[in-house]
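Okay, start.pdb is below, PDB, N, CA, C and O atoms:
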```pdb
ATOM      1  N   THR A   1       0.837  -1.182   0.000
ATOM      2  CA  THR A   1       0.000   0.000   0.000
ATOM      3  C   THR A   1       0.883   1.246   0.000
ATOM      4  O   THR A   1       2.050   1.183   0.387
ATOM      5  N   PRO A   2       0.319   2.366  -0.395
ATOM      6  CA  PRO A   2       1.113   3.607  -0.394
ATOM      7  C   PRO A   2       1.659   3.966   0.988
ATOM      8  O   PRO A   2       2.783   4.462   1.098
ATOM      9  N   SER A   3       0.888   3.719   2.022
ATOM     10  CA  SER A   3       1.376   4.060   3.363
ATOM     11  C   SER A   3       2.547   3.173   3.772
ATOM     12  O   SER A   3       3.467   3.630   4.461
ATOM     13  N   GLN A   4       2.562   1.926   3.323
ATOM     14  CA  GLN A   4       3.691   1.046   3.620
ATOM     15  C   GLN A   4       4.939   1.508   2.870
ATOM     16  O   GLN A   4       6.043   1.470   3.409
ATOM     17  N   VAL A   5       4.748   1.947   1.646
ATOM     18  CA  VAL A   5       5.874   2.459   0.865
ATOM     19  C   VAL A   5       6.459   3.695   1.532
ATOM     20  O   VAL A   5       7.679   3.830   1.671
ATOM     21  N   MET A   6       5.609   4.599   1.991
ATOM     22  CA  MET A   6       6.080   5.806   2.676
ATOM     23  C   MET A   6       6.816   5.448   3.958
ATOM     24  O   MET A   6       7.865   6.034   4.262
ATOM     25  N   GLY A   7       6.277   4.490   4.703
ATOM     26  CA  GLY A   7       6.937   4.054   5.930
ATOM     27  C   GLY A   7       8.309   3.478   5.643
ATOM     28  O   GLY A   7       9.271   3.751   6.360
ATOM     29  N   SER A   8       8.418   2.692   4.579
ATOM     30  CA  SER A   8       9.703   2.114   4.197
ATOM     31  C   SER A   8      10.691   3.200   3.803
ATOM     32  O   SER A   8      11.864   3.148   4.169
ATOM     33  N   ARG A   9      10.225   4.182   3.055
ATOM     34  CA  ARG A   9      11.108   5.284   2.651
ATOM     35  C   ARG A   9      11.603   6.063   3.867
ATOM     36  O   ARG A   9      12.768   6.467   3.914
ATOM     37  N   GLU A  10      10.714   6.281   4.815
ATOM     38  CA  GLU A  10      11.108   7.005   6.030
ATOM     39  C   GLU A  10      12.154   6.218   6.808
ATOM     40  O   GLU A  10      13.110   6.796   7.331
ATOM     41  N   GLU A  11      11.986   4.906   6.891
ATOM     42  CA  GLU A  11      12.960   4.077   7.597
ATOM     43  C   GLU A  11      14.304   4.094   6.884
ATOM     44  O   GLU A  11      15.347   4.154   7.530
ATOM     45  N   ILE A  12      14.286   4.065   5.569
ATOM     46  CA  ILE A  12      15.535   4.130   4.805
ATOM     47  C   ILE A  12      16.221   5.470   5.044
ATOM     48  O   ILE A  12      17.439   5.524   5.243
ATOM     49  N   GLU A  13      15.456   6.541   5.057
ATOM     50  CA  GLU A  13      16.030   7.869   5.338
ATOM     51  C   GLU A  13      16.649   7.920   6.722
ATOM     52  O   GLU A  13      17.736   8.485   6.907
ATOM     53  N   ARG A  14      15.962   7.342   7.705
ATOM     54  CA  ARG A  14      16.497   7.306   9.080
ATOM     55  C   ARG A  14      17.817   6.554   9.110
ATOM     56  O   ARG A  14      18.781   6.995   9.745
ATOM     57  N   LEU A  15      17.859   5.411   8.430
ATOM     58  CA  LEU A  15      19.079   4.614   8.403
ATOM     59  C   LEU A  15      20.206   5.370   7.711
ATOM     60  O   LEU A  15      21.335   5.420   8.215
ATOM     61  N   GLU A  16      19.922   5.974   6.572
ATOM     62  CA  GLU A  16      20.952   6.732   5.849
ATOM     63  C   GLU A  16      21.470   7.887   6.686
ATOM     64  O   GLU A  16      22.683   8.150   6.712
ATOM     65  N   THR A  17      20.596   8.583   7.376
ATOM     66  CA  THR A  17      20.998   9.692   8.235
ATOM     67  C   THR A  17      21.892   9.204   9.363
ATOM     68  O   THR A  17      22.919   9.819   9.678
ATOM     69  N   ALA A  18      21.515   8.074   9.971
ATOM     70  CA  ALA A  18      22.305   7.516  11.067
ATOM     71  C   ALA A  18      23.675   7.053  10.570
ATOM     72  O   ALA A  18      24.689   7.266  11.244
ATOM     73  N   ILE A  19      23.729   6.442   9.400
ATOM     74  CA  ILE A  19      25.012   6.016   8.836
ATOM     75  C   ILE A  19      25.882   7.225   8.509
ATOM     76  O   ILE A  19      27.080   7.228   8.788
ATOM     77  N   ASP A  20      25.286   8.259   7.948
ATOM     78  CA  ASP A  20      26.040   9.480   7.626
ATOM     79  C   ASP A  20      26.629  10.133   8.874
ATOM     80  O   ASP A  20      27.656  10.810   8.796
ATOM     81  N   ALA A  21      25.987   9.942  10.021
ATOM     82  CA  ALA A  21      26.451  10.558  11.265
ATOM     83  C   ALA A  21      27.595   9.786  11.919
ATOM     84  O   ALA A  21      28.217  10.290  12.855
ATOM     85  N   LEU A  22      27.896   8.584  11.435
ATOM     86  CA  LEU A  22      28.990   7.800  12.003
ATOM     87  C   LEU A  22      30.330   8.463  11.688
ATOM     88  O   LEU A  22      30.469   9.136  10.663
ATOM     89  N   PRO A  23      31.331   8.238  12.542
ATOM     90  CA  PRO A  23      32.683   8.686  12.198
ATOM     91  C   PRO A  23      33.104   8.052  10.866
ATOM     92  O   PRO A  23      32.685   6.931  10.535
ATOM     93  N   ASP A  24      33.928   8.751  10.113
ATOM     94  CA  ASP A  24      34.303   8.317   8.764
ATOM     95  C   ASP A  24      34.814   6.877   8.710
ATOM     96  O   ASP A  24      34.407   6.105   7.846
ATOM     97  N   ASP A  25      35.724   6.516   9.626
ATOM     98  CA  ASP A  25      36.305   5.173   9.567
ATOM     99  C   ASP A  25      35.274   4.093   9.878
ATOM    100  O   ASP A  25      35.262   3.036   9.259
ATOM    101  N   GLN A  26      34.370   4.365  10.815
ATOM    102  CA  GLN A  26      33.312   3.399  11.126
ATOM    103  C   GLN A  26      32.353   3.250   9.952
ATOM    104  O   GLN A  26      31.956   2.135   9.596
ATOM    105  N   ARG A  27      31.995   4.369   9.347
ATOM    106  CA  ARG A  27      31.078   4.331   8.205
ATOM    107  C   ARG A  27      31.694   3.547   7.047
ATOM    108  O   ARG A  27      31.048   2.686   6.450
ATOM    109  N   GLU A  28      32.968   3.816   6.761
ATOM    110  CA  GLU A  28      33.630   3.120   5.661
ATOM    111  C   GLU A  28      33.693   1.616   5.921
ATOM    112  O   GLU A  28      33.392   0.808   5.029
ATOM    113  N   ALA A  29      34.094   1.227   7.122
ATOM    114  CA  ALA A  29      34.184  -0.194   7.459
ATOM    115  C   ALA A  29      32.821  -0.871   7.349
ATOM    116  O   ALA A  29      32.695  -1.966   6.785
ATOM    117  N   LEU A  30      31.800  -0.231   7.865
ATOM    118  CA  LEU A  30      30.446  -0.786   7.818
ATOM    119  C   LEU A  30      29.991  -0.980   6.374
ATOM    120  O   LEU A  30      29.467  -2.042   6.012
ATOM    121  N   ILE A  31      30.208   0.013   5.550
ATOM    122  CA  ILE A  31      29.768  -0.070   4.149
ATOM    123  C   ILE A  31      30.533  -1.164   3.409
ATOM    124  O   ILE A  31      29.941  -1.967   2.682
ATOM    125  N   LEU A  32      31.841  -1.229   3.610
ATOM    126  CA  LEU A  32      32.630  -2.240   2.922
ATOM    127  C   LEU A  32      32.216  -3.656   3.315
ATOM    128  O   LEU A  32      32.080  -4.534   2.453
ATOM    129  N   VAL A  33      31.990  -3.869   4.602
ATOM    130  CA  VAL A  33      31.701  -5.223   5.088
ATOM    131  C   VAL A  33      30.230  -5.589   4.918
ATOM    132  O   VAL A  33      29.901  -6.648   4.382
ATOM    133  N   ARG A  34      29.338  -4.715   5.348
ATOM    134  CA  ARG A  34      27.918  -5.067   5.361
ATOM    135  C   ARG A  34      27.200  -4.822   4.053
ATOM    136  O   ARG A  34      26.261  -5.518   3.722
ATOM    137  N   TYR A  35      27.621  -3.822   3.298
ATOM    138  CA  TYR A  35      26.898  -3.478   2.074
ATOM    139  C   TYR A  35      27.612  -3.951   0.815
ATOM    140  O   TYR A  35      26.968  -4.316  -0.162
ATOM    141  N   GLU A  36      28.948  -3.919   0.832
ATOM    142  CA  GLU A  36      29.681  -4.370  -0.344
ATOM    143  C   GLU A  36      30.088  -5.831  -0.229
ATOM    144  O   GLU A  36      30.589  -6.413  -1.186
ATOM    145  N   GLY A  37      29.900  -6.427   0.953
ATOM    146  CA  GLY A  37      30.137  -7.852   1.134
ATOM    147  C   GLY A  37      31.591  -8.270   1.259
ATOM    148  O   GLY A  37      31.907  -9.442   1.096
ATOM    149  N   MET A  38      32.467  -7.322   1.563
ATOM    150  CA  MET A  38      33.881  -7.677   1.732
ATOM    151  C   MET A  38      34.084  -8.415   3.050
ATOM    152  O   MET A  38      33.352  -8.202   4.014
ATOM    153  N   SER A  39      35.095  -9.259   3.075
ATOM    154  CA  SER A  39      35.498  -9.875   4.333
ATOM    155  C   SER A  39      36.220  -8.820   5.169
ATOM    156  O   SER A  39      36.599  -7.753   4.653
ATOM    157  N   MET A  40      36.435  -9.133   6.442
ATOM    158  CA  MET A  40      37.180  -8.201   7.293
ATOM    159  C   MET A  40      38.592  -7.993   6.744
ATOM    160  O   MET A  40      39.106  -6.881   6.764
ATOM    161  N   ALA A  41      39.188  -9.071   6.232
ATOM    162  CA  ALA A  41      40.547  -8.975   5.682
ATOM    163  C   ALA A  41      40.564  -8.105   4.425
ATOM    164  O   ALA A  41      41.455  -7.255   4.268
ATOM    165  N   GLU A  42      39.585  -8.294   3.541
ATOM    166  CA  GLU A  42      39.521  -7.480   2.323
ATOM    167  C   GLU A  42      39.304  -6.006   2.658
ATOM    168  O   GLU A  42      39.948  -5.125   2.079
ATOM    169  N   ALA A  43      38.399  -5.751   3.593
ATOM    170  CA  ALA A  43      38.145  -4.367   3.998
ATOM    171  C   ALA A  43      39.385  -3.772   4.656
ATOM    172  O   ALA A  43      39.694  -2.598   4.462
ATOM    173  N   GLY A  44      40.104  -4.598   5.406
ATOM    174  CA  GLY A  44      41.336  -4.143   6.029
ATOM    175  C   GLY A  44      42.364  -3.697   5.011
ATOM    176  O   GLY A  44      43.015  -2.662   5.182
ATOM    177  N   VAL A  45      42.505  -4.471   3.945
ATOM    178  CA  VAL A  45      43.438  -4.093   2.875
ATOM    179  C   VAL A  45      42.991  -2.773   2.249
ATOM    180  O   VAL A  45      43.800  -1.861   2.034
ATOM    181  N   GLU A  46      41.703  -2.661   1.962
ATOM    182  CA  GLU A  46      41.158  -1.442   1.350
ATOM    183  C   GLU A  46      41.388  -0.214   2.228
ATOM    184  O   GLU A  46      41.687   0.871   1.732
ATOM    185  N   MET A  47      41.253  -0.408   3.549
ATOM    186  CA  MET A  47      41.355   0.713   4.489
ATOM    187  C   MET A  47      42.766   0.895   5.054
ATOM    188  O   MET A  47      43.011   1.865   5.776
ATOM    189  N   GLY A  48      43.661  -0.047   4.790
ATOM    190  CA  GLY A  48      44.992   0.023   5.373
ATOM    191  C   GLY A  48      44.979  -0.292   6.856
ATOM    192  O   GLY A  48      45.759   0.280   7.617
ATOM    193  N   ARG A  49      44.087  -1.199   7.238
ATOM    194  CA  ARG A  49      43.932  -1.588   8.650
ATOM    195  C   ARG A  49      43.979  -3.106   8.767
ATOM    196  O   ARG A  49      43.775  -3.819   7.784
ATOM    197  N   SER A  50      44.160  -3.588   9.979
ATOM    198  CA  SER A  50      44.122  -5.030  10.207
ATOM    199  C   SER A  50      42.667  -5.508  10.216
ATOM    200  O   SER A  50      41.743  -4.714  10.466
ATOM    201  N   PRO A  51      42.452  -6.798   9.948
ATOM    202  CA  PRO A  51      41.086  -7.325  10.028
ATOM    203  C   PRO A  51      40.444  -7.106  11.401
ATOM    204  O   PRO A  51      39.247  -6.820  11.490
ATOM    205  N   ASP A  52      41.248  -7.223  12.463
ATOM    206  CA  ASP A  52      40.712  -6.998  13.812
ATOM    207  C   ASP A  52      40.283  -5.548  14.006
ATOM    208  O   ASP A  52      39.276  -5.278  14.660
ATOM    209  N   ALA A  53      41.045  -4.609  13.442
ATOM    210  CA  ALA A  53      40.675  -3.197  13.542
ATOM    211  C   ALA A  53      39.362  -2.946  12.804
ATOM    212  O   ALA A  53      38.492  -2.219  13.297
ATOM    213  N   VAL A  54      39.212  -3.561  11.630
ATOM    214  CA  VAL A  54      37.964  -3.413  10.872
ATOM    215  C   VAL A  54      36.806  -4.004  11.663
ATOM    216  O   VAL A  54      35.730  -3.415  11.744
ATOM    217  N   ARG A  55      37.020  -5.168  12.263
ATOM    218  CA  ARG A  55      35.981  -5.814  13.072
ATOM    219  C   ARG A  55      35.507  -4.880  14.191
ATOM    220  O   ARG A  55      34.309  -4.739  14.439
ATOM    221  N   MET A  56      36.456  -4.224  14.849
ATOM    222  CA  MET A  56      36.101  -3.290  15.925
ATOM    223  C   MET A  56      35.344  -2.084  15.381
ATOM    224  O   MET A  56      34.374  -1.626  15.993
ATOM    225  N   LEU A  57      35.772  -1.562  14.248
ATOM    226  CA  LEU A  57      35.083  -0.419  13.650
ATOM    227  C   LEU A  57      33.645  -0.775  13.288
ATOM    228  O   LEU A  57      32.726   0.003  13.553
ATOM    229  N   VAL A  58      33.455  -1.952  12.701
ATOM    230  CA  VAL A  58      32.098  -2.389  12.341
ATOM    231  C   VAL A  58      31.264  -2.575  13.608
ATOM    232  O   VAL A  58      30.114  -2.134  13.662
ATOM    233  N   SER A  59      31.833  -3.195  14.620
ATOM    234  CA  SER A  59      31.104  -3.405  15.879
ATOM    235  C   SER A  59      30.685  -2.080  16.507
ATOM    236  O   SER A  59      29.540  -1.929  16.953
ATOM    237  N   ARG A  60      31.596  -1.134  16.527
ATOM    238  CA  ARG A  60      31.272   0.177  17.098
ATOM    239  C   ARG A  60      30.209   0.894  16.265
ATOM    240  O   ARG A  60      29.327   1.563  16.815
ATOM    241  N   ALA A  61      30.290   0.747  14.959
ATOM    242  CA  ALA A  61      29.287   1.363  14.085
ATOM    243  C   ALA A  61      27.905   0.781  14.364
ATOM    244  O   ALA A  61      26.913   1.514  14.443
ATOM    245  N   ILE A  62      27.828  -0.523  14.531
ATOM    246  CA  ILE A  62      26.543  -1.172  14.798
ATOM    247  C   ILE A  62      25.975  -0.711  16.135
ATOM    248  O   ILE A  62      24.777  -0.446  16.247
ATOM    249  N   VAL A  63      26.833  -0.579  17.137
ATOM    250  CA  VAL A  63      26.375  -0.093  18.438
ATOM    251  C   VAL A  63      25.821   1.326  18.308
ATOM    252  O   VAL A  63      24.745   1.635  18.822
ATOM    253  N   LYS A  64      26.546   2.186  17.602
ATOM    254  CA  LYS A  64      26.075   3.565  17.427
ATOM    255  C   LYS A  64      24.774   3.620  16.646
ATOM    256  O   LYS A  64      23.888   4.417  16.950
ATOM    257  N   LEU A  65      24.645   2.780  15.616
ATOM    258  CA  LEU A  65      23.383   2.730  14.878
ATOM    259  C   LEU A  65      22.255   2.264  15.782
ATOM    260  O   LEU A  65      21.135   2.775  15.707
ATOM    261  N   GLY A  66      22.550   1.298  16.626
ATOM    262  CA  GLY A  66      21.548   0.821  17.573
ATOM    263  C   GLY A  66      21.084   1.924  18.510
ATOM    264  O   GLY A  66      19.896   2.055  18.793
ATOM    265  N   GLN A  67      22.021   2.736  18.953
ATOM    266  CA  GLN A  67      21.664   3.851  19.827
ATOM    267  C   GLN A  67      20.857   4.896  19.081
ATOM    268  O   GLN A  67      19.928   5.485  19.630
ATOM    269  N   SER A  68      21.192   5.132  17.820
ATOM    270  CA  SER A  68      20.496   6.141  17.028
ATOM    271  C   SER A  68      19.108   5.712  16.614
ATOM    272  O   SER A  68      18.170   6.513  16.594
ATOM    273  N   LEU A  69      18.978   4.450  16.250
ATOM    274  CA  LEU A  69      17.730   3.962  15.672
ATOM    275  C   LEU A  69      16.860   3.168  16.632
ATOM    276  O   LEU A  69      15.688   2.958  16.357
ATOM    277  N   GLY A  70      17.435   2.687  17.705
ATOM    278  CA  GLY A  70      16.726   1.768  18.585
ATOM    279  C   GLY A  70      17.140   0.350  18.205
ATOM    280  O   GLY A  70      17.201   0.026  17.027
ATOM    281  N   ALA A  71      17.455  -0.454  19.183
ATOM    282  CA  ALA A  71      18.012  -1.782  18.944
ATOM    283  C   ALA A  71      17.144  -2.652  18.054
ATOM    284  O   ALA A  71      17.650  -3.417  17.244
ATOM    285  N   SER A  72      15.854  -2.555  18.126
ATOM    286  CA  SER A  72      14.986  -3.423  17.316
ATOM    287  C   SER A  72      15.119  -3.114  15.838
ATOM    288  O   SER A  72      15.036  -3.999  15.000
ATOM    289  N   ASP A  73      15.359  -1.847  15.471
ATOM    290  CA  ASP A  73      15.505  -1.484  14.060
ATOM    291  C   ASP A  73      16.797  -2.032  13.465
ATOM    292  O   ASP A  73      16.837  -2.432  12.323
ATOM    293  N   VAL A  74      17.869  -2.045  14.253
ATOM    294  CA  VAL A  74      19.168  -2.492  13.745
ATOM    295  C   VAL A  74      19.167  -3.992  13.564
ATOM    296  O   VAL A  74      19.747  -4.512  12.626
ATOM    297  N   MET A  75      18.513  -4.718  14.439
ATOM    298  CA  MET A  75      18.530  -6.168  14.381
ATOM    299  C   MET A  75      17.645  -6.711  13.272
ATOM    300  O   MET A  75      17.780  -7.854  12.880
ATOM    301  N   ALA A  76      16.749  -5.915  12.739
ATOM    302  CA  ALA A  76      15.818  -6.411  11.717
ATOM    303  C   ALA A  76      16.496  -6.687  10.409
ATOM    304  O   ALA A  76      17.525  -6.256  10.088
TER     305      ALA A  76
END
```
Would you kindly transcribe this structure into structure tokens?
Amino acid sequence: TPSQVMGSREEIERLETAIDALPDDQREALILVRYEGMSMAEAGVEMGRSPDAVRMLVSRAIVKLGQSLGASDVMA
């Protein structure tokens, strides 16, 4: 329905806004791993970081998104 489409668009806008508000390194790591499908090692090479550093950046990004959006939205 049109109202469901509008609700989906609003949720996408909220997510994009929250991602844009992340620190640059967290945002980059999150996008590389979660959206582009890179492994932690591949993202590490791209970012000039170790896989463990990328893992921490992604974890911190997810926590911040959870705080911004509410935990139920991030887990969906």
key: Of the listed residues A:Ile19, A:Arg9, A:Lys64, A:Gly48, that which approaches Ile31 in chain A most closely, counting only C-alpha atoms   = A:Ile19
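You will find atom C of Gln26 in chain A at 19.7 Å from atom O of Glu10 in chain A.
In this structure, CA of Met56 in chain A sits 25.7 Å away from CA of Glu11 in chain A.
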Non-local contacts of Glu28 in chain A (8 Å; all atoms listed in the file; under 5 positions in same chain excluded) as a list in words =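 The neighbour list is Ile19, Leu22, Pro23, Val33, Arg34, Tyr35, Glu36, Ala43, Met47, Val54, Leu57 and Val58 of chain A.
The shortest atom-to-atom distance to Leu65 in chain A, with all atoms listed in the file taken into account, belongs to A:Arg14 out of A:Asp25, A:Val45, A:Met40, A:Arg14.
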Chain A: residues DSSP assigns to helix (DSSP H, G or I), reported as a ChimeraX atom specification = /A:2-20,24-35,40-47,51-69,71-75
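The two atoms in question, CA of Ser50 in chain A and CA of Leu32 in chain A, are spaced 13.9 Å apart.
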Put a box with edges along x, y and z around all the listed atoms of range 21-37 of chain A, pad it by 8 Å on each side, then give me its centre and sizes in Å, one decimal, as AutoDock Vina command-line options.
```
--center_x 31.1 --center_y 0.6 --center_z 5.8 --size_x 26.3 --size_y 36.0 --size_z 30.0
```
query = Counting only C-alpha atoms, which residues come within 7 Å of (17.2, 10.4, 13.7), with the point read in the file's coordinates, and could you list them as a PyMOL selection string?
reply = chain A and resi 14+17-18+68-69
ask   = Pick from A:Ser8, A:Ala29, A:Leu15, A:Ala21: nearest to Arg49 in chain A, with only C-alpha atoms counted?
value = A:Ala29
Could I get range 38-49 of chain A rebuilt with all heavy atoms, written as a CSV table (one decimal), keeping the file's coordinate frame?
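File produced: selection_24.csv:
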```csv
chain,number,residue,atom,x,y,z
A,38,MET,N,32.5,-7.3,1.6
A,38,MET,CA,33.9,-7.7,1.7
A,38,MET,C,34.1,-8.4,3.0
A,38,MET,O,33.4,-8.2,4.0
A,38,MET,CB,34.8,-6.4,1.8
A,38,MET,CG,34.9,-5.7,0.4
A,38,MET,SD,36.1,-4.4,0.6
A,38,MET,CE,36.1,-3.8,-1.1
A,39,SER,N,35.1,-9.3,3.1
A,39,SER,CA,35.5,-9.9,4.3
A,39,SER,C,36.2,-8.8,5.2
A,39,SER,O,36.6,-7.8,4.7
A,39,SER,CB,36.4,-11.1,4.1
A,39,SER,OG,37.7,-10.6,3.6
A,40,MET,N,36.4,-9.1,6.4
A,40,MET,CA,37.2,-8.2,7.3
A,40,MET,C,38.6,-8.0,6.7
A,40,MET,O,39.1,-6.9,6.8
A,40,MET,CB,37.2,-8.7,8.7
A,40,MET,CG,35.9,-8.9,9.4
A,40,MET,SD,35.1,-7.3,9.7
A,40,MET,CE,33.6,-7.9,10.4
A,41,ALA,N,39.2,-9.1,6.2
A,41,ALA,CA,40.5,-9.0,5.7
A,41,ALA,C,40.6,-8.1,4.4
A,41,ALA,O,41.5,-7.3,4.3
A,41,ALA,CB,41.1,-10.4,5.4
A,42,GLU,N,39.6,-8.3,3.5
A,42,GLU,CA,39.5,-7.5,2.3
A,42,GLU,C,39.3,-6.0,2.7
A,42,GLU,O,39.9,-5.1,2.1
A,42,GLU,CB,38.4,-8.0,1.4
A,42,GLU,CG,38.6,-9.3,0.8
A,42,GLU,CD,37.4,-9.9,0.2
A,42,GLU,OE1,36.3,-9.6,0.6
A,42,GLU,OE2,37.6,-10.7,-0.8
A,43,ALA,N,38.4,-5.8,3.6
A,43,ALA,CA,38.1,-4.4,4.0
A,43,ALA,C,39.4,-3.8,4.7
A,43,ALA,O,39.7,-2.6,4.5
A,43,ALA,CB,36.9,-4.3,4.9
A,44,GLY,N,40.1,-4.6,5.4
A,44,GLY,CA,41.3,-4.1,6.0
A,44,GLY,C,42.4,-3.7,5.0
A,44,GLY,O,43.0,-2.7,5.2
A,45,VAL,N,42.5,-4.5,3.9
A,45,VAL,CA,43.4,-4.1,2.9
A,45,VAL,C,43.0,-2.8,2.2
A,45,VAL,O,43.8,-1.9,2.0
A,45,VAL,CB,43.5,-5.2,1.8
A,45,VAL,CG1,44.3,-4.7,0.6
A,45,VAL,CG2,44.2,-6.4,2.4
A,46,GLU,N,41.7,-2.7,2.0
A,46,GLU,CA,41.2,-1.4,1.4
A,46,GLU,C,41.4,-0.2,2.2
A,46,GLU,O,41.7,0.9,1.7
A,46,GLU,CB,39.7,-1.6,1.1
A,46,GLU,CG,39.0,-0.5,0.5
A,46,GLU,CD,39.2,-0.3,-1.0
A,46,GLU,OE1,39.6,-1.3,-1.7
A,46,GLU,OE2,39.0,0.8,-1.5
A,47,MET,N,41.3,-0.4,3.5
A,47,MET,CA,41.4,0.7,4.5
A,47,MET,C,42.8,0.9,5.1
A,47,MET,O,43.0,1.9,5.8
A,47,MET,CB,40.4,0.5,5.7
A,47,MET,CG,38.9,0.5,5.3
A,47,MET,SD,37.8,0.2,6.7
A,47,MET,CE,38.1,1.8,7.6
A,48,GLY,N,43.7,0.0,4.8
A,48,GLY,CA,45.0,0.0,5.4
A,48,GLY,C,45.0,-0.3,6.9
A,48,GLY,O,45.8,0.3,7.6
A,49,ARG,N,44.1,-1.2,7.2
A,49,ARG,CA,43.9,-1.6,8.6
A,49,ARG,C,44.0,-3.1,8.8
A,49,ARG,O,43.8,-3.8,7.8
A,49,ARG,CB,42.6,-1.1,9.2
A,49,ARG,CG,42.3,0.3,9.0
A,49,ARG,CD,42.5,1.1,10.3
A,49,ARG,NE,42.1,2.5,10.2
A,49,ARG,CZ,41.5,3.1,11.1
A,49,ARG,NH1,41.1,2.5,12.2
A,49,ARG,NH2,41.2,4.4,11.0
```
